[in-house]
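Down below is the structure, laid out as structure tokens.
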Amino acid sequence: MQILYDIVQIGDKIEIKQLDKKGDPIKSAKTYVSQVLDLYEGNKISIASPIKKGILVLLEVGVKYRLVFYTMKGLYQCDCTMLQKYREKKMVISLVEVNTELEKIQRRQYYRLECIHEIEYRIITKEETELEEKLAIGLFSNSSEKSEIRKKLAKLNHDWLRASIIDLSGGGCRFTSEHEHNQGDKVVIKFDFYIKNELKRLNLVSDIIISRRIEERLGFYEHRAEFSSISDKDREDLIKYIFEQERKLRKNDRK
């Protein structure tokens with residue numbers, strides 16, 4: 001299974017789900033998140049034992065699991081058997097043996113991080129879209145009208161609303177705010193974050209997929225948004241940030 005070593009790298013994020021005796025995922029079984037610690041001869045992998053809500057999850061010896069790897073080359077999966085668990089310093093490590101070939105998953109999927117992150121966002125209005133189109137195709141009679149269009153766009157660019165992201169992935173986010181929106185609304189999300197102490201600032205054009213009133217929080221609404229315009233570089237930086245935050249959470253859970 002040389003492909004395993006060509007694709008999977010130490011530190012890659014993985015999802016773990018228990019299989020039944022037929023080799024199918026158990027629907028009621030929880031999916032756990034962990035990461036690859038090392039690769040060995042004989043198709044063996046050591047992984048960090050998962051932690052869920054601060055509680056260590058011990059995989060059962062002899063039980064089969066499906067592993068989904070989030071790699072730089074895409075999403076891959078394989079089945080494995082849990083061989084043994086041991087402690088190294090403060091970490092409990094699981095050693096598994098890969099039983100199947102690594103298979104690429106064609107569907108697009110991103111690891112989702114539960115977090116609280118303050119943001120600003122604004123609605124992209126029909127007026128703004130029309131003004132942008134006028135500038136793009138040169139639909140103005142003179143420089144004065146062009147200047148007026150830019151002034152209107154600049155004014156619209158100041159209408160920012162405050163919100164809190166509650167989960168985040170490379171494909172979108174879920175956030176709460178005091179403003180009600182409609183499915184299909186377009187928004188720009190202003191997202192600032194750090195990667196290795198370097199500040200990154202993204203303005204992400206997004207589509208509201210789901211919007212609902214939060215019953216337990218009077219006057220608040222929850223929105224799920226999908227990033228509709230994001231460069232590969234910005235998405236890569238965002239995924240790096242998500243994995244960096246997840247590692248910090250795992251580290252804190254072990255203390």
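Just remember, in the structure tokens the first chain shown is A, the second B, etc., residues are 1-based per chain, and ligands are 1-based in the order shown.
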Per residue of stretch 83-163 of chain A within 12 Å of stretch 41-61 of chain A, record the nearest atom pair and its distance in Å to one decimal, counting only C-alpha atoms, with rows in chain order and ascending residue number, as JSON lines.
```
{"residue": "A:Leu83", "atom": "CA", "partner": "A:Val61", "partner_atom": "CA", "distance": 5.5}
{"residue": "A:Gln84", "atom": "CA", "partner": "A:Val61", "partner_atom": "CA", "distance": 5.8}
{"residue": "A:Lys85", "atom": "CA", "partner": "A:Val61", "partner_atom": "CA", "distance": 7.8}
{"residue": "A:Tyr86", "atom": "CA", "partner": "A:Ser49", "partner_atom": "CA", "distance": 9.6}
{"residue": "A:Arg87", "atom": "CA", "partner": "A:Ser49", "partner_atom": "CA", "distance": 9.8}
{"residue": "A:Glu88", "atom": "CA", "partner": "A:Ala48", "partner_atom": "CA", "distance": 10.2}
{"residue": "A:Lys90", "atom": "CA", "partner": "A:Ala48", "partner_atom": "CA", "distance": 10.9}
{"residue": "A:Met91", "atom": "CA", "partner": "A:Ala48", "partner_atom": "CA", "distance": 7.2}
{"residue": "A:Val92", "atom": "CA", "partner": "A:Ser49", "partner_atom": "CA", "distance": 5.7}
{"residue": "A:Ile93", "atom": "CA", "partner": "A:Ala48", "partner_atom": "CA", "distance": 4.8}
{"residue": "A:Ser94", "atom": "CA", "partner": "A:Ile47", "partner_atom": "CA", "distance": 5.3}
{"residue": "A:Leu95", "atom": "CA", "partner": "A:Ser46", "partner_atom": "CA", "distance": 4.4}
{"residue": "A:Val96", "atom": "CA", "partner": "A:Ile45", "partner_atom": "CA", "distance": 5.4}
{"residue": "A:Glu97", "atom": "CA", "partner": "A:Lys44", "partner_atom": "CA", "distance": 4.4}
{"residue": "A:Val98", "atom": "CA", "partner": "A:Asn43", "partner_atom": "CA", "distance": 5.5}
{"residue": "A:Asn99", "atom": "CA", "partner": "A:Asn43", "partner_atom": "CA", "distance": 8.0}
{"residue": "A:Thr100", "atom": "CA", "partner": "A:Asn43", "partner_atom": "CA", "distance": 9.7}
{"residue": "A:Glu101", "atom": "CA", "partner": "A:Asn43", "partner_atom": "CA", "distance": 10.1}
{"residue": "A:Leu102", "atom": "CA", "partner": "A:Asn43", "partner_atom": "CA", "distance": 10.9}
{"residue": "A:Glu114", "atom": "CA", "partner": "A:Lys53", "partner_atom": "CA", "distance": 11.0}
```
Quick one: pick out all strand (DSSP E) residues within stretch 18-232 of chain A from a backbone DSSP run and write them as a VMD selection string.
chain A and resid 18 32 to 40 44 to 48 51 to 52 55 to 56 64 to 71 74 to 88 91 to 98 103 to 104 113 to 123 161 to 168 172 to 177 186 to 195 198 to 213 221 to 229
Could the residues in this selection be saved with C-alpha atoms as a compact mmCIF listing (two decimals), in the first residue's frame?
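Printed below is part-v7.txt as written:
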```txt
# COMPACT_ATOMS: atom_id res chain seq x y z
CA GLN A 18 -16.71 2.41 13.99
CA TYR A 32 -14.44 11.34 16.26
CA VAL A 33 -11.67 13.68 15.14
CA SER A 34 -7.96 12.97 15.60
CA GLN A 35 -4.68 13.25 13.70
CA VAL A 36 -1.90 11.05 12.29
CA LEU A 37 1.12 10.81 14.60
CA ASP A 38 3.35 8.39 12.65
CA LEU A 39 3.47 5.90 9.76
CA TYR A 40 5.13 2.47 10.06
CA LYS A 44 0.45 0.53 10.53
CA ILE A 45 -0.45 4.05 11.67
CA SER A 46 -0.32 5.61 15.12
CA ILE A 47 -3.01 8.16 15.83
CA ALA A 48 -3.84 10.32 18.82
CA ILE A 51 -10.96 13.65 22.69
CA LYS A 52 -14.65 14.61 22.71
CA ILE A 55 -13.16 13.42 27.57
CA LEU A 56 -10.64 10.89 26.19
CA LYS A 64 -12.65 -2.16 12.87
CA TYR A 65 -12.93 1.55 12.08
CA ARG A 66 -13.14 3.71 8.99
CA LEU A 67 -10.57 6.49 8.75
CA VAL A 68 -11.13 9.59 6.61
CA PHE A 69 -7.92 11.56 5.98
CA TYR A 70 -7.90 15.31 5.24
CA THR A 71 -4.73 15.51 3.14
CA GLY A 74 -7.80 15.77 -1.06
CA LEU A 75 -10.06 13.59 1.02
CA TYR A 76 -9.19 9.85 1.30
CA GLN A 77 -10.58 6.95 3.30
CA CYS A 78 -9.64 3.41 4.32
CA ASP A 79 -10.66 0.78 6.85
CA CYS A 80 -8.43 -0.35 9.71
CA THR A 81 -8.28 -2.59 12.76
CA MET A 82 -7.36 -1.27 16.19
CA LEU A 83 -4.26 -3.18 17.40
CA GLN A 84 -3.24 -1.61 20.70
CA LYS A 85 -3.17 1.56 22.76
CA TYR A 86 -0.35 2.92 24.86
CA ARG A 87 0.60 6.07 26.70
CA GLU A 88 3.45 8.33 25.65
CA MET A 91 -0.88 11.37 25.29
CA VAL A 92 -2.76 8.10 24.77
CA ILE A 93 -1.86 6.70 21.35
CA SER A 94 -3.77 4.16 19.27
CA LEU A 95 -1.93 1.86 16.85
CA VAL A 96 -4.05 0.68 13.92
CA GLU A 97 -3.43 -1.56 10.92
CA VAL A 98 -4.81 -0.47 7.53
CA GLU A 103 -9.68 5.46 -1.69
CA LYS A 104 -10.21 9.05 -2.77
CA LEU A 113 -14.49 23.66 13.72
CA GLU A 114 -16.82 24.68 16.55
CA CYS A 115 -15.63 28.07 17.77
CA ILE A 116 -16.64 31.57 18.79
CA HIS A 117 -15.14 34.22 16.52
CA GLU A 118 -16.36 37.81 16.32
CA ILE A 119 -16.88 39.09 12.76
CA GLU A 120 -18.49 41.86 10.75
CA TYR A 121 -20.63 41.31 7.68
CA ARG A 122 -22.90 43.21 5.34
CA ILE A 123 -25.67 42.45 2.88
CA LEU A 161 -23.20 44.45 11.01
CA ARG A 162 -21.68 42.65 14.00
CA ALA A 163 -21.99 38.87 14.41
CA SER A 164 -20.36 35.79 15.95
CA ILE A 165 -19.25 32.72 14.02
CA ILE A 166 -20.12 29.55 15.95
CA ASP A 167 -18.65 27.02 13.53
CA LEU A 168 -16.31 27.35 10.58
CA GLY A 172 -18.64 28.09 4.84
CA CYS A 173 -19.68 29.02 8.36
CA ARG A 174 -22.57 29.29 10.78
CA PHE A 175 -23.02 32.60 12.57
CA THR A 176 -25.46 34.42 14.82
CA SER A 177 -26.58 38.04 14.71
CA LYS A 186 -25.69 37.45 -0.51
CA VAL A 187 -23.36 38.78 2.18
CA VAL A 188 -19.72 39.76 2.56
CA ILE A 189 -18.10 38.36 5.71
CA LYS A 190 -15.08 40.24 7.03
CA PHE A 191 -12.88 37.66 8.74
CA ASP A 192 -9.59 38.44 10.52
CA PHE A 193 -7.38 35.65 11.91
CA TYR A 194 -3.76 34.77 12.67
CA ILE A 195 -1.62 31.99 11.22
CA GLU A 198 0.71 36.64 10.91
CA LEU A 199 -2.56 38.57 10.52
CA LYS A 200 -4.78 37.47 7.62
CA ARG A 201 -7.80 39.48 6.49
CA LEU A 202 -10.45 38.04 4.20
CA ASN A 203 -13.61 39.51 2.72
CA LEU A 204 -15.64 36.44 1.79
CA VAL A 205 -18.64 36.74 -0.52
CA SER A 206 -21.15 34.19 0.75
CA ASP A 207 -24.68 32.90 0.16
CA ILE A 208 -27.13 32.49 3.05
CA ILE A 209 -28.26 28.85 2.84
CA ILE A 210 -30.35 28.60 6.01
CA SER A 211 -31.61 31.30 8.35
CA ARG A 212 -33.71 30.78 11.47
CA ARG A 213 -34.81 32.49 14.66
CA TYR A 221 -30.95 34.68 14.49
CA GLU A 222 -28.71 31.85 13.26
CA HIS A 223 -27.48 31.83 9.67
CA ARG A 224 -25.58 29.20 7.68
CA ALA A 225 -23.51 30.66 4.86
CA GLU A 226 -21.57 29.06 2.01
CA PHE A 227 -18.50 30.84 0.64
CA SER A 228 -19.32 31.50 -3.02
CA SER A 229 -16.22 33.50 -3.97
```
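When only C-alpha atoms are used to compute distances to A:Asp159, the closest of the residues A:Lys146, A:Thr125, A:Asn197, A:Glu178 turns out to be A:Thr125.
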Closest pair table for stretch 101-197 of chain A residues within 12 Å of stretch 11-17 of chain A, only C-alpha atoms, as JSON lines:
```
{"residue": "A:Gln109", "atom": "CA", "partner": "A:Glu15", "partner_atom": "CA", "distance": 11.9}
{"residue": "A:Tyr110", "atom": "CA", "partner": "A:Lys13", "partner_atom": "CA", "distance": 10.7}
{"residue": "A:Tyr111", "atom": "CA", "partner": "A:Lys13", "partner_atom": "CA", "distance": 8.5}
{"residue": "A:Arg112", "atom": "CA", "partner": "A:Glu15", "partner_atom": "CA", "distance": 11.2}
{"residue": "A:Leu113", "atom": "CA", "partner": "A:Lys13", "partner_atom": "CA", "distance": 12.0}
```
Write out the residues from the selection above, keeping N, CA and C atoms, as a PDB file, in the first residue's frame.
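Written output follows (part28.pdb):
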```
ATOM      1  N   GLN A 109     -15.591  18.120   0.815  1.00  0.00           N
ATOM      2  CA  GLN A 109     -15.901  18.125   2.236  1.00  0.00           C
ATOM      3  C   GLN A 109     -14.798  18.843   2.992  1.00  0.00           C
ATOM      4  N   TYR A 110     -15.195  19.576   4.009  1.00  0.00           N
ATOM      5  CA  TYR A 110     -14.232  20.313   4.813  1.00  0.00           C
ATOM      6  C   TYR A 110     -14.481  20.022   6.293  1.00  0.00           C
ATOM      7  N   TYR A 111     -13.389  19.932   7.019  1.00  0.00           N
ATOM      8  CA  TYR A 111     -13.502  19.745   8.457  1.00  0.00           C
ATOM      9  C   TYR A 111     -14.121  20.992   9.076  1.00  0.00           C
ATOM     10  N   ARG A 112     -15.073  20.816   9.973  1.00  0.00           N
ATOM     11  CA  ARG A 112     -15.787  21.937  10.590  1.00  0.00           C
ATOM     12  C   ARG A 112     -15.345  22.109  12.047  1.00  0.00           C
ATOM     13  N   LEU A 113     -14.966  23.329  12.386  1.00  0.00           N
ATOM     14  CA  LEU A 113     -14.488  23.655  13.722  1.00  0.00           C
ATOM     15  C   LEU A 113     -15.552  24.426  14.483  1.00  0.00           C
TER      16      LEU A 113
END
```
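The nearest approach to A:Ile105 among the residues A:Phe140, A:Gly171, A:Ile26, A:Lys73, with only C-alpha atoms taken into account, belongs to A:Lys73.
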Among stretch 11-216 of chain A, which ones does DSSP assign to alpha helix (DSSP H) (computed from the backbone)? Answer as a PyMOL selection string.
chain A and resi 126-137+143-156
Please save C-alpha atoms of the selected residues as a PDB file, in the first residue's frame.
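Okay, out.pdb is ready:
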```
ATOM      1  CA  LYS A 126     -29.442  44.666  -5.502  1.00  0.00           C
ATOM      2  CA  GLU A 127     -28.400  48.317  -5.853  1.00  0.00           C
ATOM      3  CA  GLU A 128     -24.771  47.453  -5.129  1.00  0.00           C
ATOM      4  CA  THR A 129     -24.793  44.627  -7.685  1.00  0.00           C
ATOM      5  CA  GLU A 130     -26.234  46.934 -10.346  1.00  0.00           C
ATOM      6  CA  LEU A 131     -23.685  49.676  -9.601  1.00  0.00           C
ATOM      7  CA  GLU A 132     -20.814  47.165  -9.776  1.00  0.00           C
ATOM      8  CA  GLU A 133     -22.087  45.948 -13.155  1.00  0.00           C
ATOM      9  CA  LYS A 134     -22.245  49.521 -14.456  1.00  0.00           C
ATOM     10  CA  LEU A 135     -18.617  50.085 -13.521  1.00  0.00           C
ATOM     11  CA  ALA A 136     -17.528  46.739 -14.950  1.00  0.00           C
ATOM     12  CA  ILE A 137     -19.079  47.292 -18.386  1.00  0.00           C
ATOM     13  CA  SER A 143     -16.355  60.756 -15.510  1.00  0.00           C
ATOM     14  CA  SER A 144     -18.695  62.636 -13.175  1.00  0.00           C
ATOM     15  CA  GLU A 145     -21.274  59.837 -13.278  1.00  0.00           C
ATOM     16  CA  LYS A 146     -18.517  57.271 -12.791  1.00  0.00           C
ATOM     17  CA  SER A 147     -17.310  59.151  -9.719  1.00  0.00           C
ATOM     18  CA  GLU A 148     -20.871  59.279  -8.360  1.00  0.00           C
ATOM     19  CA  ILE A 149     -21.239  55.501  -8.740  1.00  0.00           C
ATOM     20  CA  ARG A 150     -18.011  54.952  -6.808  1.00  0.00           C
ATOM     21  CA  LYS A 151     -19.203  57.268  -4.021  1.00  0.00           C
ATOM     22  CA  LYS A 152     -22.446  55.292  -3.684  1.00  0.00           C
ATOM     23  CA  LEU A 153     -20.501  52.013  -3.550  1.00  0.00           C
ATOM     24  CA  ALA A 154     -18.148  53.434  -0.918  1.00  0.00           C
ATOM     25  CA  LYS A 155     -21.157  54.435   1.204  1.00  0.00           C
ATOM     26  CA  LEU A 156     -22.670  50.960   0.944  1.00  0.00           C
TER      27      LEU A 156
END
```
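Here atom CA of A:Asp237 is placed at a distance of 9.0 Å from atom CA of A:Gly170.
Going from atom CA of A:Lys248 over to atom CA of A:Lys196, you cover 12.3 Å.
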Expressed in Å to a single decimal, how great is the separation between atom CA of A:Asp185 and atom CA of A:Asn157?
16.4 Å
